[in-house]
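Asks: After the structure tokens below, expect a handful of questions from me.
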Amino acid sequence: DAGVIQSPRHEVTEMGQEVTLRCKPISGHNSLFWYRQTMMRGLELLIYFNNNVPIDDSGMPEDRFSAKMPNASFSTLKIQPSEPRDSAVYFCASSLVGTVPGNTIYFGEGSWLTVV
Amino acid sequence: AQSVTQLGSHVSVSEGALVLLRCNYSSSVPPYLFWYVQYPNQGLQLLLKYTSAATLVKGINGFEAEFKKSETSFHLTKPSAHMSDAAEYFCAVSPRDSSYKLIFGSGTRLLVRP
């Protein structure tokens with residue numbers, strides 16, 4: 001079975017450039033998450049979508065960050081303009097929320113972003 | 001607010017020795033509890049989870065964890081470490097009133113000595 005698929009796996013960009021990260025969740029899952037991992041702050045939830053609708057975006061750092069989910073099989077996380085402090089690993093994850101208690105969240109392999 | 005504390009950012013054991021990774025949560029209502037493992041340059045993989053069934057939960061790769069309400073703990077153990085267990089381990093909690101949300105601990109890096 002295909003897991004959560006993220007692209008690109010690695011991105012190096014210059015400060016000020018736009019960055020777009022892409023995610024294809026597991027087929028049949030109704031929820032999608034974007035997480036960010038840094039040494040300083042660990043794993044942080046950025047945004048949560050349920051049935052393609054953003055439910056919780058309280059973790060989105062600032063207006064430079066935006067996320068969309070135009071359909072059940074695709075999501076993007078965009079940073080514009082990018083800054084060096086955005087360098088991190090960005091994980092997309094998906095799950096089937098609401099069917100069993102304590103739903104399991106499945107993670108992609110991450111997009112490693114370096115802003116120079 | 002819910003939080004989770006992992007004691008020890010690094011744990012080193014010899015191959016064949018007991019693995020014990022500690023996790024404590026803070027919550028008046030026991031949350032759902034998870035252990036995830038992250039191998040180098042990879043995403044997170046679920047090891048096991050507690051959702052208020054049996055307090056002793058068995059997971060993949062020989063790991064298990066015991067939920068102890070009185071101690072607000074969910075420590076991860078494995079009787080005999082293998083070299084392939086070297087990775088970073090994350091404890092996470094999911095509040096029962098917003099069970100979509102995973103709150104992660106800071107992680108414990110397990111080193112296995114030959």
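As shown in the structure tokens, the chain order sets the letters A, B, ...; within each chain, residues go from 1, and ligands are also counted from 1 in the order they appear.
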Could you go through chain A and tell me which residues DSSP, when run on the backbone, assigns to strand (DSSP E), listing them as a PyMOL selection string?
Replies: chain A and resi 5-7+10-13+19-24+31-38+42-50+53-56+65-71+74-79+88-95+106-107+111-115
Asks: Within 8 Å of chain B, which residues belong to chain A? Use only C-alpha atoms and report them as a compact mmCIF listing (two decimals) with N, CA and C atoms, in the first residue's frame.
Replies:
```txt
# COMPACT_ATOMS: atom_id res chain seq x y z
N GLY A 42 11.22 20.94 18.27
CA GLY A 42 10.69 19.59 18.13
C GLY A 42 9.62 19.53 17.05
N LEU A 43 8.64 18.66 17.27
CA LEU A 43 7.56 18.45 16.31
C LEU A 43 6.37 19.34 16.67
N GLU A 44 5.96 20.15 15.70
CA GLU A 44 4.84 21.05 15.94
C GLU A 44 3.77 20.85 14.87
N LEU A 45 2.52 20.82 15.30
CA LEU A 45 1.42 20.76 14.35
C LEU A 45 1.20 22.15 13.76
N PHE A 91 6.67 17.61 7.70
CA PHE A 91 6.02 16.31 7.53
C PHE A 91 4.55 16.52 7.20
N VAL A 97 -9.93 9.91 10.94
CA VAL A 97 -10.39 10.40 12.24
C VAL A 97 -11.86 10.09 12.42
N PRO A 101 -11.14 5.14 18.56
CA PRO A 101 -10.52 6.08 19.50
C PRO A 101 -9.02 6.15 19.32
N GLY A 102 -8.47 7.34 19.48
CA GLY A 102 -7.03 7.48 19.35
C GLY A 102 -6.53 7.06 17.99
N ASN A 103 -7.05 7.73 16.97
CA ASN A 103 -6.71 7.34 15.61
C ASN A 103 -5.20 7.38 15.37
N THR A 104 -4.73 6.47 14.54
CA THR A 104 -3.32 6.43 14.19
C THR A 104 -3.05 7.42 13.07
N ILE A 105 -2.02 8.21 13.24
CA ILE A 105 -1.60 9.16 12.22
C ILE A 105 -0.39 8.59 11.50
N TYR A 106 -0.46 8.57 10.17
CA TYR A 106 0.61 8.01 9.34
C TYR A 106 1.39 9.16 8.71
N PHE A 107 2.70 9.11 8.86
CA PHE A 107 3.57 10.19 8.41
C PHE A 107 4.25 9.86 7.08
N GLY A 108 4.43 10.90 6.28
CA GLY A 108 5.30 10.79 5.12
C GLY A 108 6.75 10.86 5.55
N GLU A 109 7.64 10.80 4.57
CA GLU A 109 9.07 10.77 4.88
C GLU A 109 9.65 12.17 5.05
N GLY A 110 8.87 13.18 4.83
CA GLY A 110 9.30 14.54 5.11
C GLY A 110 9.91 15.26 3.92
```
Asks: Just how far from atom CA of B:Asn24 is atom CA of B:Glu64, in Å to one decimal?
Replies: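 Atom CA of B:Glu64 sits 15.5 Å away from atom CA of B:Asn24.
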Asks: Near B:Ser84, counting only C-alpha atoms, which residues have an atom at most 10 Å away, once you skip same-chain residues fewer than 4 positions from it, shown as a ChimeraX atom specification?
Replies: /B:15,39,61,111-112
Asks: Generate the output file for the selected residues, all heavy atoms, as a short mmCIF file (atom, residue, chain, number, x, y, z; two decimals), in the first residue's frame.
Replies:
```cif
data_model
loop_
_atom_site.label_atom_id
_atom_site.label_comp_id
_atom_site.auth_asym_id
_atom_site.auth_seq_id
_atom_site.Cartn_x
_atom_site.Cartn_y
_atom_site.Cartn_z
N GLU B 15 23.95 -3.91 23.20
CA GLU B 15 23.13 -4.88 22.47
C GLU B 15 22.78 -6.03 23.40
O GLU B 15 23.64 -6.55 24.14
CB GLU B 15 23.90 -5.39 21.25
CG GLU B 15 23.06 -6.18 20.28
CD GLU B 15 23.81 -6.53 19.01
OE1 GLU B 15 25.06 -6.48 19.03
OE2 GLU B 15 23.15 -6.84 18.00
N TYR B 39 13.53 6.65 12.32
CA TYR B 39 14.87 6.25 11.88
C TYR B 39 15.49 7.41 11.11
O TYR B 39 14.77 8.27 10.58
CB TYR B 39 14.80 4.98 11.04
CG TYR B 39 14.27 3.81 11.82
CD1 TYR B 39 12.96 3.37 11.67
CD2 TYR B 39 15.08 3.14 12.75
CE1 TYR B 39 12.46 2.30 12.40
CE2 TYR B 39 14.59 2.07 13.48
CZ TYR B 39 13.28 1.67 13.31
OH TYR B 39 12.79 0.62 14.05
N ASN B 61 8.16 -4.82 16.60
CA ASN B 61 9.60 -4.98 16.88
C ASN B 61 9.90 -5.35 18.34
O ASN B 61 10.99 -5.05 18.82
CB ASN B 61 10.36 -3.70 16.51
CG ASN B 61 10.19 -3.33 15.04
OD1 ASN B 61 9.85 -4.18 14.21
ND2 ASN B 61 10.40 -2.08 14.72
N LEU B 111 20.80 4.89 21.56
CA LEU B 111 22.05 4.41 20.99
C LEU B 111 22.26 2.99 21.47
O LEU B 111 22.10 2.69 22.66
CB LEU B 111 23.21 5.30 21.46
CG LEU B 111 23.02 6.80 21.21
CD1 LEU B 111 24.11 7.61 21.90
CD2 LEU B 111 23.00 7.10 19.73
N VAL B 112 22.63 2.08 20.57
CA VAL B 112 22.86 0.69 20.93
C VAL B 112 24.32 0.36 20.66
O VAL B 112 24.78 0.43 19.52
CB VAL B 112 21.93 -0.26 20.14
CG1 VAL B 112 22.17 -1.70 20.57
CG2 VAL B 112 20.47 0.12 20.34
#
```
